[in-house]
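Note: the block below is protein_23.pdb and it holds PDB, C-alpha atoms.
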ATOM      1  CA  MET A   1     -32.102 103.060  60.474  1.00  0.00           C
ATOM      2  CA  ALA A   2     -29.419 105.637  59.763  1.00  0.00           C
ATOM      3  CA  GLU A   3     -26.604 104.545  57.467  1.00  0.00           C
ATOM      4  CA  GLN A   4     -23.298 103.846  59.210  1.00  0.00           C
ATOM      5  CA  PRO A   5     -20.617 106.381  58.216  1.00  0.00           C
ATOM      6  CA  SER A   6     -17.730 104.847  56.276  1.00  0.00           C
ATOM      7  CA  ASN A   7     -14.184 104.780  57.624  1.00  0.00           C
ATOM      8  CA  THR A   8     -13.296 107.533  55.119  1.00  0.00           C
ATOM      9  CA  ASP A   9     -16.109 109.740  56.511  1.00  0.00           C
ATOM     10  CA  LEU A  10     -15.068 109.031  60.086  1.00  0.00           C
ATOM     11  CA  ALA A  11     -11.400 109.717  59.319  1.00  0.00           C
ATOM     12  CA  ASP A  12     -12.396 113.002  57.669  1.00  0.00           C
ATOM     13  CA  ARG A  13     -14.514 114.015  60.659  1.00  0.00           C
ATOM     14  CA  TYR A  14     -11.836 113.184  63.236  1.00  0.00           C
ATOM     15  CA  SER A  15      -9.094 114.761  61.110  1.00  0.00           C
ATOM     16  CA  LYS A  16     -11.073 118.024  61.027  1.00  0.00           C
ATOM     17  CA  ARG A  17     -11.536 117.859  64.781  1.00  0.00           C
ATOM     18  CA  ARG A  18      -7.803 117.233  65.250  1.00  0.00           C
ATOM     19  CA  ALA A  19      -6.901 120.087  62.905  1.00  0.00           C
ATOM     20  CA  ARG A  20      -9.062 122.453  64.990  1.00  0.00           C
ATOM     21  CA  LEU A  21      -7.835 121.124  68.333  1.00  0.00           C
ATOM     22  CA  LEU A  22      -4.068 121.109  67.748  1.00  0.00           C
ATOM     23  CA  PRO A  23      -3.505 124.852  67.099  1.00  0.00           C
ATOM     24  CA  ALA A  24      -5.780 125.671  70.069  1.00  0.00           C
ATOM     25  CA  LEU A  25      -3.778 123.309  72.316  1.00  0.00           C
ATOM     26  CA  ALA A  26      -0.477 124.771  71.106  1.00  0.00           C
ATOM     27  CA  ILE A  27      -1.632 128.326  71.840  1.00  0.00           C
ATOM     28  CA  PHE A  28      -2.959 127.301  75.269  1.00  0.00           C
ATOM     29  CA  PHE A  29       0.375 125.568  75.990  1.00  0.00           C
ATOM     30  CA  LEU A  30       2.351 128.661  74.924  1.00  0.00           C
ATOM     31  CA  ALA A  31       0.141 130.922  77.058  1.00  0.00           C
ATOM     32  CA  GLN A  32       0.872 128.680  80.061  1.00  0.00           C
ATOM     33  CA  GLN A  33       4.599 129.196  79.494  1.00  0.00           C
ATOM     34  CA  PHE A  34       4.257 132.982  79.725  1.00  0.00           C
ATOM     35  CA  SER A  35       2.658 132.480  83.122  1.00  0.00           C
ATOM     36  CA  TYR A  36       5.448 130.011  84.088  1.00  0.00           C
ATOM     37  CA  PHE A  37       8.263 132.417  83.186  1.00  0.00           C
ATOM     38  CA  SER A  38       6.500 135.439  84.696  1.00  0.00           C
ATOM     39  CA  ARG A  39       6.586 133.652  88.080  1.00  0.00           C
ATOM     40  CA  ILE A  40       9.232 130.936  88.031  1.00  0.00           C
ATOM     41  CA  PRO A  41       8.273 128.108  90.431  1.00  0.00           C
ATOM     42  CA  GLY A  42      10.212 127.456  93.601  1.00  0.00           C
ATOM     43  CA  GLU A  43       9.976 124.465  95.929  1.00  0.00           C
ATOM     44  CA  ARG A  44       6.426 124.839  97.267  1.00  0.00           C
ATOM     45  CA  LEU A  45       3.825 122.120  96.655  1.00  0.00           C
ATOM     46  CA  VAL A  46       1.925 124.360  94.240  1.00  0.00           C
ATOM     47  CA  ASP A  47       5.132 124.859  92.231  1.00  0.00           C
ATOM     48  CA  ARG A  48       5.658 121.108  91.991  1.00  0.00           C
ATOM     49  CA  VAL A  49       2.111 120.787  90.659  1.00  0.00           C
ATOM     50  CA  ARG A  50       2.863 123.436  88.019  1.00  0.00           C
ATOM     51  CA  ILE A  51       5.997 121.561  86.964  1.00  0.00           C
ATOM     52  CA  GLY A  52       4.081 118.266  86.912  1.00  0.00           C
ATOM     53  CA  ALA A  53       1.335 119.839  84.794  1.00  0.00           C
ATOM     54  CA  TRP A  54       3.926 121.004  82.263  1.00  0.00           C
ATOM     55  CA  VAL A  55       5.420 117.488  82.076  1.00  0.00           C
ATOM     56  CA  VAL A  56       1.977 115.940  81.486  1.00  0.00           C
ATOM     57  CA  MET A  57       0.934 118.556  78.910  1.00  0.00           C
ATOM     58  CA  SER A  58       4.246 118.268  77.047  1.00  0.00           C
ATOM     59  CA  ALA A  59       4.016 114.465  76.964  1.00  0.00           C
ATOM     60  CA  VAL A  60       0.418 114.589  75.682  1.00  0.00           C
ATOM     61  CA  LEU A  61       1.337 117.091  72.960  1.00  0.00           C
ATOM     62  CA  LEU A  62       4.332 115.002  71.923  1.00  0.00           C
ATOM     63  CA  LEU A  63       2.165 111.863  71.739  1.00  0.00           C
ATOM     64  CA  LEU A  64      -0.502 113.697  69.731  1.00  0.00           C
ATOM     65  CA  LEU A  65       2.137 114.960  67.349  1.00  0.00           C
ATOM     66  CA  THR A  66       3.944 111.663  66.862  1.00  0.00           C
ATOM     67  CA  THR A  67       0.957 109.289  66.789  1.00  0.00           C
ATOM     68  CA  GLY A  68      -1.789 111.554  65.422  1.00  0.00           C
ATOM     69  CA  GLY A  69      -4.117 110.894  68.362  1.00  0.00           C
ATOM     70  CA  ALA A  70      -7.584 109.299  68.006  1.00  0.00           C
ATOM     71  CA  TRP A  71      -6.290 106.441  70.155  1.00  0.00           C
ATOM     72  CA  ILE A  72      -9.728 105.030  70.912  1.00  0.00           C
ATOM     73  CA  ARG A  73     -10.735 104.860  67.235  1.00  0.00           C
ATOM     74  CA  SER A  74     -10.404 101.725  65.110  1.00  0.00           C
ATOM     75  CA  ALA A  75      -7.067 100.906  63.480  1.00  0.00           C
ATOM     76  CA  ALA A  76      -8.591 101.354  59.996  1.00  0.00           C
ATOM     77  CA  VAL A  77      -9.730 104.905  60.826  1.00  0.00           C
ATOM     78  CA  ARG A  78      -6.371 105.772  62.377  1.00  0.00           C
ATOM     79  CA  VAL A  79      -4.542 104.514  59.268  1.00  0.00           C
ATOM     80  CA  LEU A  80      -6.680 106.830  57.111  1.00  0.00           C
ATOM     81  CA  MET A  81      -6.149 109.726  59.533  1.00  0.00           C
ATOM     82  CA  ASN A  82      -2.405 109.201  59.295  1.00  0.00           C
ATOM     83  CA  ASP A  83      -2.013 108.529  55.595  1.00  0.00           C
ATOM     84  CA  GLU A  84       0.889 109.826  53.531  1.00  0.00           C
ATOM     85  CA  VAL A  85      -0.279 113.461  53.411  1.00  0.00           C
ATOM     86  CA  THR A  86      -0.501 113.569  57.203  1.00  0.00           C
ATOM     87  CA  ARG A  87       2.871 111.849  57.542  1.00  0.00           C
ATOM     88  CA  ALA A  88       4.390 114.465  55.216  1.00  0.00           C
ATOM     89  CA  ASN A  89       2.713 117.265  57.217  1.00  0.00           C
ATOM     90  CA  ARG A  90       4.011 115.749  60.440  1.00  0.00           C
ATOM     91  CA  ALA A  91       7.553 115.497  59.078  1.00  0.00           C
ATOM     92  CA  SER A  92       7.426 119.126  57.964  1.00  0.00           C
ATOM     93  CA  ALA A  93       6.041 120.204  61.365  1.00  0.00           C
ATOM     94  CA  MET A  94       8.714 118.286  63.273  1.00  0.00           C
ATOM     95  CA  GLN A  95      11.432 119.779  61.077  1.00  0.00           C
ATOM     96  CA  PHE A  96      10.050 123.257  61.824  1.00  0.00           C
ATOM     97  CA  GLY A  97       9.841 122.542  65.564  1.00  0.00           C
ATOM     98  CA  PHE A  98      13.360 121.130  65.623  1.00  0.00           C
ATOM     99  CA  ALA A  99      14.770 124.168  63.787  1.00  0.00           C
ATOM    100  CA  LEU A 100      12.990 126.546  66.165  1.00  0.00           C
ATOM    101  CA  ALA A 101      14.138 124.626  69.268  1.00  0.00           C
ATOM    102  CA  MET A 102      17.734 124.627  68.030  1.00  0.00           C
ATOM    103  CA  GLY A 103      17.496 128.318  67.097  1.00  0.00           C
ATOM    104  CA  GLY A 104      16.096 129.080  70.537  1.00  0.00           C
ATOM    105  CA  ALA A 105      18.880 127.132  72.237  1.00  0.00           C
ATOM    106  CA  ILE A 106      21.567 128.893  70.184  1.00  0.00           C
ATOM    107  CA  ALA A 107      20.002 132.308  70.937  1.00  0.00           C
ATOM    108  CA  VAL A 108      19.785 131.634  74.698  1.00  0.00           C
ATOM    109  CA  TYR A 109      23.213 130.000  75.064  1.00  0.00           C
ATOM    110  CA  PRO A 110      25.390 133.190  75.181  1.00  0.00           C
ATOM    111  CA  PHE A 111      23.039 134.837  77.695  1.00  0.00           C
ATOM    112  CA  ILE A 112      22.570 131.976  80.183  1.00  0.00           C
ATOM    113  CA  ASP A 113      24.403 133.869  82.961  1.00  0.00           C
ATOM    114  CA  GLN A 114      22.535 137.149  82.412  1.00  0.00           C
ATOM    115  CA  LEU A 115      19.176 135.362  82.246  1.00  0.00           C
ATOM    116  CA  ALA A 116      19.975 133.456  85.449  1.00  0.00           C
ATOM    117  CA  LEU A 117      18.130 130.349  84.267  1.00  0.00           C
ATOM    118  CA  ASN A 118      18.793 126.946  85.769  1.00  0.00           C
ATOM    119  CA  ALA A 119      18.956 123.702  83.771  1.00  0.00           C
ATOM    120  CA  ARG A 120      15.261 122.920  84.295  1.00  0.00           C
ATOM    121  CA  GLN A 121      14.192 126.331  83.050  1.00  0.00           C
ATOM    122  CA  VAL A 122      16.405 126.129  79.959  1.00  0.00           C
ATOM    123  CA  ILE A 123      15.013 122.673  79.111  1.00  0.00           C
ATOM    124  CA  HIS A 124      11.501 123.971  79.754  1.00  0.00           C
ATOM    125  CA  LEU A 125      12.068 126.904  77.405  1.00  0.00           C
ATOM    126  CA  ILE A 126      13.565 124.875  74.548  1.00  0.00           C
ATOM    127  CA  VAL A 127      11.085 121.991  74.746  1.00  0.00           C
ATOM    128  CA  SER A 128       8.112 124.360  74.976  1.00  0.00           C
ATOM    129  CA  LEU A 129       9.303 126.371  71.993  1.00  0.00           C
ATOM    130  CA  GLY A 130       9.987 123.377  69.757  1.00  0.00           C
ATOM    131  CA  LEU A 131       6.903 121.431  70.766  1.00  0.00           C
ATOM    132  CA  ALA A 132       4.440 124.318  70.485  1.00  0.00           C
ATOM    133  CA  ALA A 133       5.873 125.334  67.102  1.00  0.00           C
ATOM    134  CA  ALA A 134       5.660 121.773  65.739  1.00  0.00           C
ATOM    135  CA  VAL A 135       2.114 121.173  67.020  1.00  0.00           C
ATOM    136  CA  LEU A 136       0.923 124.545  65.722  1.00  0.00           C
ATOM    137  CA  ARG A 137       2.441 123.945  62.291  1.00  0.00           C
ATOM    138  CA  PHE A 138       1.070 120.390  62.111  1.00  0.00           C
ATOM    139  CA  GLY A 139      -2.423 121.652  62.902  1.00  0.00           C
ATOM    140  CA  MET A 140      -2.182 124.437  60.326  1.00  0.00           C
ATOM    141  CA  LEU A 141      -0.883 122.108  57.589  1.00  0.00           C
ATOM    142  CA  GLU A 142      -3.694 119.666  58.343  1.00  0.00           C
ATOM    143  CA  ARG A 143      -6.284 122.449  58.166  1.00  0.00           C
ATOM    144  CA  ARG A 144      -4.937 123.509  54.783  1.00  0.00           C
ATOM    145  CA  ALA A 145      -4.947 119.907  53.546  1.00  0.00           C
ATOM    146  CA  LEU A 146      -8.563 119.399  54.587  1.00  0.00           C
ATOM    147  CA  GLY A 147      -9.605 122.400  52.488  1.00  0.00           C
TER     148      GLY A 147
ATOM    149  CA  MET B   1      12.990 126.851  34.191  1.00  0.00           C
ATOM    150  CA  ALA B   2      11.862 124.063  36.548  1.00  0.00           C
ATOM    151  CA  GLU B   3       9.313 121.569  35.318  1.00  0.00           C
ATOM    152  CA  GLU B   4       5.969 121.537  37.077  1.00  0.00           C
ATOM    153  CA  LEU B   5       3.740 118.586  37.849  1.00  0.00           C
ATOM    154  CA  ARG B   6       0.183 119.040  36.618  1.00  0.00           C
ATOM    155  CA  ASN B   7      -2.687 116.700  37.301  1.00  0.00           C
ATOM    156  CA  ARG B   8      -6.155 116.217  35.863  1.00  0.00           C
ATOM    157  CA  LEU B   9      -7.516 114.422  38.894  1.00  0.00           C
ATOM    158  CA  ARG B  10     -10.414 116.819  39.582  1.00  0.00           C
ATOM    159  CA  GLU B  11     -11.446 116.866  35.936  1.00  0.00           C
ATOM    160  CA  LEU B  12     -11.400 113.068  35.575  1.00  0.00           C
ATOM    161  CA  ARG B  13     -13.083 112.513  38.940  1.00  0.00           C
ATOM    162  CA  GLU B  14     -15.872 114.949  38.160  1.00  0.00           C
ATOM    163  CA  ALA B  15     -16.302 113.407  34.688  1.00  0.00           C
ATOM    164  CA  ARG B  16     -17.151 110.158  36.465  1.00  0.00           C
ATOM    165  CA  GLY B  17     -19.527 111.894  38.852  1.00  0.00           C
ATOM    166  CA  LEU B  18     -17.474 110.996  41.916  1.00  0.00           C
ATOM    167  CA  THR B  19     -17.083 113.127  45.032  1.00  0.00           C
ATOM    168  CA  GLN B  20     -13.681 113.441  46.717  1.00  0.00           C
ATOM    169  CA  GLY B  21     -14.959 111.139  49.475  1.00  0.00           C
ATOM    170  CA  GLN B  22     -16.130 108.471  47.025  1.00  0.00           C
ATOM    171  CA  LEU B  23     -12.816 108.481  45.161  1.00  0.00           C
ATOM    172  CA  ALA B  24     -10.955 108.363  48.480  1.00  0.00           C
ATOM    173  CA  GLU B  25     -12.955 105.303  49.434  1.00  0.00           C
ATOM    174  CA  LEU B  26     -12.224 103.581  46.104  1.00  0.00           C
ATOM    175  CA  VAL B  27      -8.498 104.259  46.441  1.00  0.00           C
ATOM    176  CA  GLY B  28      -8.295 103.547  50.173  1.00  0.00           C
ATOM    177  CA  VAL B  29      -6.945 106.946  51.194  1.00  0.00           C
ATOM    178  CA  SER B  30      -8.423 109.893  53.081  1.00  0.00           C
ATOM    179  CA  ARG B  31     -10.439 112.660  51.399  1.00  0.00           C
ATOM    180  CA  LYS B  32      -7.594 114.956  52.492  1.00  0.00           C
ATOM    181  CA  THR B  33      -5.205 113.126  50.159  1.00  0.00           C
ATOM    182  CA  ILE B  34      -7.545 113.595  47.184  1.00  0.00           C
ATOM    183  CA  ASN B  35      -8.032 117.265  48.067  1.00  0.00           C
ATOM    184  CA  THR B  36      -4.320 118.034  48.417  1.00  0.00           C
ATOM    185  CA  VAL B  37      -3.412 116.214  45.201  1.00  0.00           C
ATOM    186  CA  GLU B  38      -6.170 117.972  43.228  1.00  0.00           C
ATOM    187  CA  ASN B  39      -5.045 121.359  44.497  1.00  0.00           C
ATOM    188  CA  GLY B  40      -1.382 120.699  43.806  1.00  0.00           C
ATOM    189  CA  ILE B  41      -0.505 121.001  47.517  1.00  0.00           C
ATOM    190  CA  TYR B  42       0.827 117.466  47.688  1.00  0.00           C
ATOM    191  CA  VAL B  43       2.658 115.310  45.154  1.00  0.00           C
ATOM    192  CA  PRO B  44       1.538 111.725  45.779  1.00  0.00           C
ATOM    193  CA  SER B  45       3.794 108.696  45.953  1.00  0.00           C
ATOM    194  CA  THR B  46       3.987 106.356  42.962  1.00  0.00           C
ATOM    195  CA  VAL B  47       1.766 103.866  44.797  1.00  0.00           C
ATOM    196  CA  ILE B  48      -1.024 106.426  45.331  1.00  0.00           C
ATOM    197  CA  ALA B  49      -0.645 107.733  41.760  1.00  0.00           C
ATOM    198  CA  LEU B  50      -1.067 104.196  40.388  1.00  0.00           C
ATOM    199  CA  LYS B  51      -4.031 103.513  42.686  1.00  0.00           C
ATOM    200  CA  LEU B  52      -5.705 106.754  41.539  1.00  0.00           C
ATOM    201  CA  ALA B  53      -5.155 105.809  37.893  1.00  0.00           C
ATOM    202  CA  ARG B  54      -6.583 102.348  38.507  1.00  0.00           C
ATOM    203  CA  ALA B  55      -9.642 103.703  40.345  1.00  0.00           C
ATOM    204  CA  LEU B  56     -10.363 106.118  37.478  1.00  0.00           C
ATOM    205  CA  ASP B  57      -9.509 103.505  34.851  1.00  0.00           C
ATOM    206  CA  GLU B  58      -7.010 105.813  33.170  1.00  0.00           C
ATOM    207  CA  PRO B  59      -3.288 105.474  32.428  1.00  0.00           C
ATOM    208  CA  VAL B  60      -1.247 107.311  35.038  1.00  0.00           C
ATOM    209  CA  GLU B  61       0.270 109.546  32.330  1.00  0.00           C
ATOM    210  CA  ARG B  62      -3.192 110.943  31.622  1.00  0.00           C
ATOM    211  CA  LEU B  63      -3.582 111.823  35.274  1.00  0.00           C
ATOM    212  CA  PHE B  64      -0.168 113.381  35.820  1.00  0.00           C
ATOM    213  CA  SER B  65       2.088 115.245  33.413  1.00  0.00           C
ATOM    214  CA  LEU B  66       5.101 117.513  33.488  1.00  0.00           C
ATOM    215  CA  THR B  67       4.871 121.006  32.037  1.00  0.00           C
ATOM    216  CA  LYS B  68       7.524 123.662  31.575  1.00  0.00           C
TER     217      LYS B  68
END
Take the structure from the file and write it as structure tokens.
Amino acid sequence: MAEQPSNTDLADRYSKRRARLLPALAIFFLAQQFSYFSRIPGERLVDRVRIGAWVVMSAVLLLLLTTGGAWIRSAAVRVLMNDEVTRANRASAMQFGFALAMGGAIAVYPFIDQLALNARQVIHLIVSLGLAAAVLRFGMLERRALG
Amino acid sequence: MAEELRNRLRELREARGLTQGQLAELVGVSRKTINTVENGIYVPSTVIALKLARALDEPVERLFSLTK
């Protein structure tokens, strides 16, 4: 019978998977935003679906970033996956995302009238920027940590 | 000039014939923590530093030192 992998092995395996997945998700999310802003949704059903999809994707990314994911794994494995190095990486990533979101908001603020963006679009822009930056940085820091 | 934290974790781990994964298991951290500490990417908390010293049966000062 094959030997059961230890919690450390499992945490390592899932951490590697997470470190590969997060940057890919962040890039996919950013690519979606280019499509959103190239054809800003109106009031049709298909536009509501696009807005709903953004809400779901943003919420999932935020949950992945704040909790570290692997929700169906055991508590012991999740603790190892979110040990102090990961918590430090997450803090650094969130700081980066926050700075970028604030920078984006400050940059957009004087041009709101020229850009003709409504409140939803401004929120969409700032949240997307901050979230994608934080998730991307978290994934990259985790990849570096895993060696 | 700022002081720099040096560690001998890799050297002491390898002297005991342990892999990063085995040391991680002994300490109760992830292999990622061992890897980042060994490579100087991450400075561990006092708790982790003491656990590492205990797992390697060495005083913590032998594991970590400050150099100019």
Give me, as a Markdown table, each residue of chain B that comes within 9 Å of chain A, together with its shortest interatomic pair and the distance in Å at one decimal, counting all atoms listed in the file, with rows ordered by chain and rising residue number.
| residue | atom | partner | partner_atom | distance |
| --- | --- | --- | --- | --- |
| B:Gly21 | CA | A:Thr8 | CA | 6.9 |
| B:Gln22 | CA | A:Thr8 | CA | 8.6 |
| B:Ala24 | CA | A:Thr8 | CA | 7.1 |
| B:Glu25 | CA | A:Thr8 | CA | 6.1 |
| B:Gly28 | CA | A:Leu80 | CA | 7.8 |
| B:Val29 | CA | A:Leu80 | CA | 5.9 |
| B:Ser30 | CA | A:Leu80 | CA | 5.4 |
| B:Arg31 | CA | A:Asp12 | CA | 6.6 |
| B:Lys32 | CA | A:Leu146 | CA | 5.0 |
| B:Thr33 | CA | A:Val85 | CA | 5.9 |
| B:Asn35 | CA | A:Ala145 | CA | 6.8 |
| B:Thr36 | CA | A:Ala145 | CA | 5.5 |
| B:Ile41 | CA | A:Ala145 | CA | 7.6 |
| B:Tyr42 | CA | A:Val85 | CA | 7.1 |
| B:Val43 | CA | A:Val85 | CA | 9.0 |
| B:Pro44 | CA | A:Glu84 | CA | 8.0 |
| B:Ser45 | CA | A:Glu84 | CA | 8.2 |
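Taken over the whole file, the PyMOL selection byres ((chain B and resi 12) around 10) covers exactly Asn7, Arg8, Leu9, Arg10, Glu11, Arg13, Glu14, Ala15, Arg16, Gly17, Leu18, Ala53, Leu56, Asp57, Glu58, Arg62 and Leu63 of chain B.
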Please list as a ChimeraX atom specification every residue within 9 Å of Gln33 (chain A), counting all atoms listed in the file and excluding residues in the same chain fewer than 2 positions away.
/A:28-31,35-38,54,124-125,128
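For the point (0.2, 126.9, 69.3), the residues with an atom at a distance of at most 8 Å are Leu22, Pro23, Ala24, Leu25, Ala26, Ile27, Phe28, Phe29, Leu30, Ala132, Ala133, Val135, Leu136 and Arg137 of chain A, counting all atoms listed in the file.
The space between CA of Lys51 (chain B) and CA of Gly68 (chain A) spans 24.2 Å.
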Can you tell me how far CA of Leu62 (chain A) sits from CA of Leu115 (chain A), in Å to one decimal?
27.2 Å
Do you have the CA of Ala19 (chain A)-CA of Phe138 (chain A) distance handy?
8.0 Å
Do a neighbour search on Thr67 (chain B) at 7 Å with only C-alpha atoms, toss out local chain neighbours closer than 4 positions, and write the hits as a ChimeraX atom specification.
/B:3-6
Give me the residues within 10 Å of Thr66 (chain A) as a list in words, counting all atoms listed in the file and dropping any in the same chain fewer than 6 places off.
Val60, Arg87, Arg90, Ala91, Met94 and Val135 of chain A
Fewer than 5 positions away in the same chain doesn't count, so skip those; otherwise give me all residues within 12 Å of Ala99 (chain A), counting only C-alpha atoms, as a ChimeraX atom specification.
/A:92-94,104-106,126-127,129-131,133-134
Can you sort out the box for region 69-88 of chain A, edges along x, y and z, all listed atoms in, 4 Å on every side, with centre and edge lengths in Å to one decimal, as JSON?
{"center_x": -3.2, "center_y": 107.7, "center_z": 62.2, "size_x": 23.1, "size_y": 21.6, "size_z": 25.5}
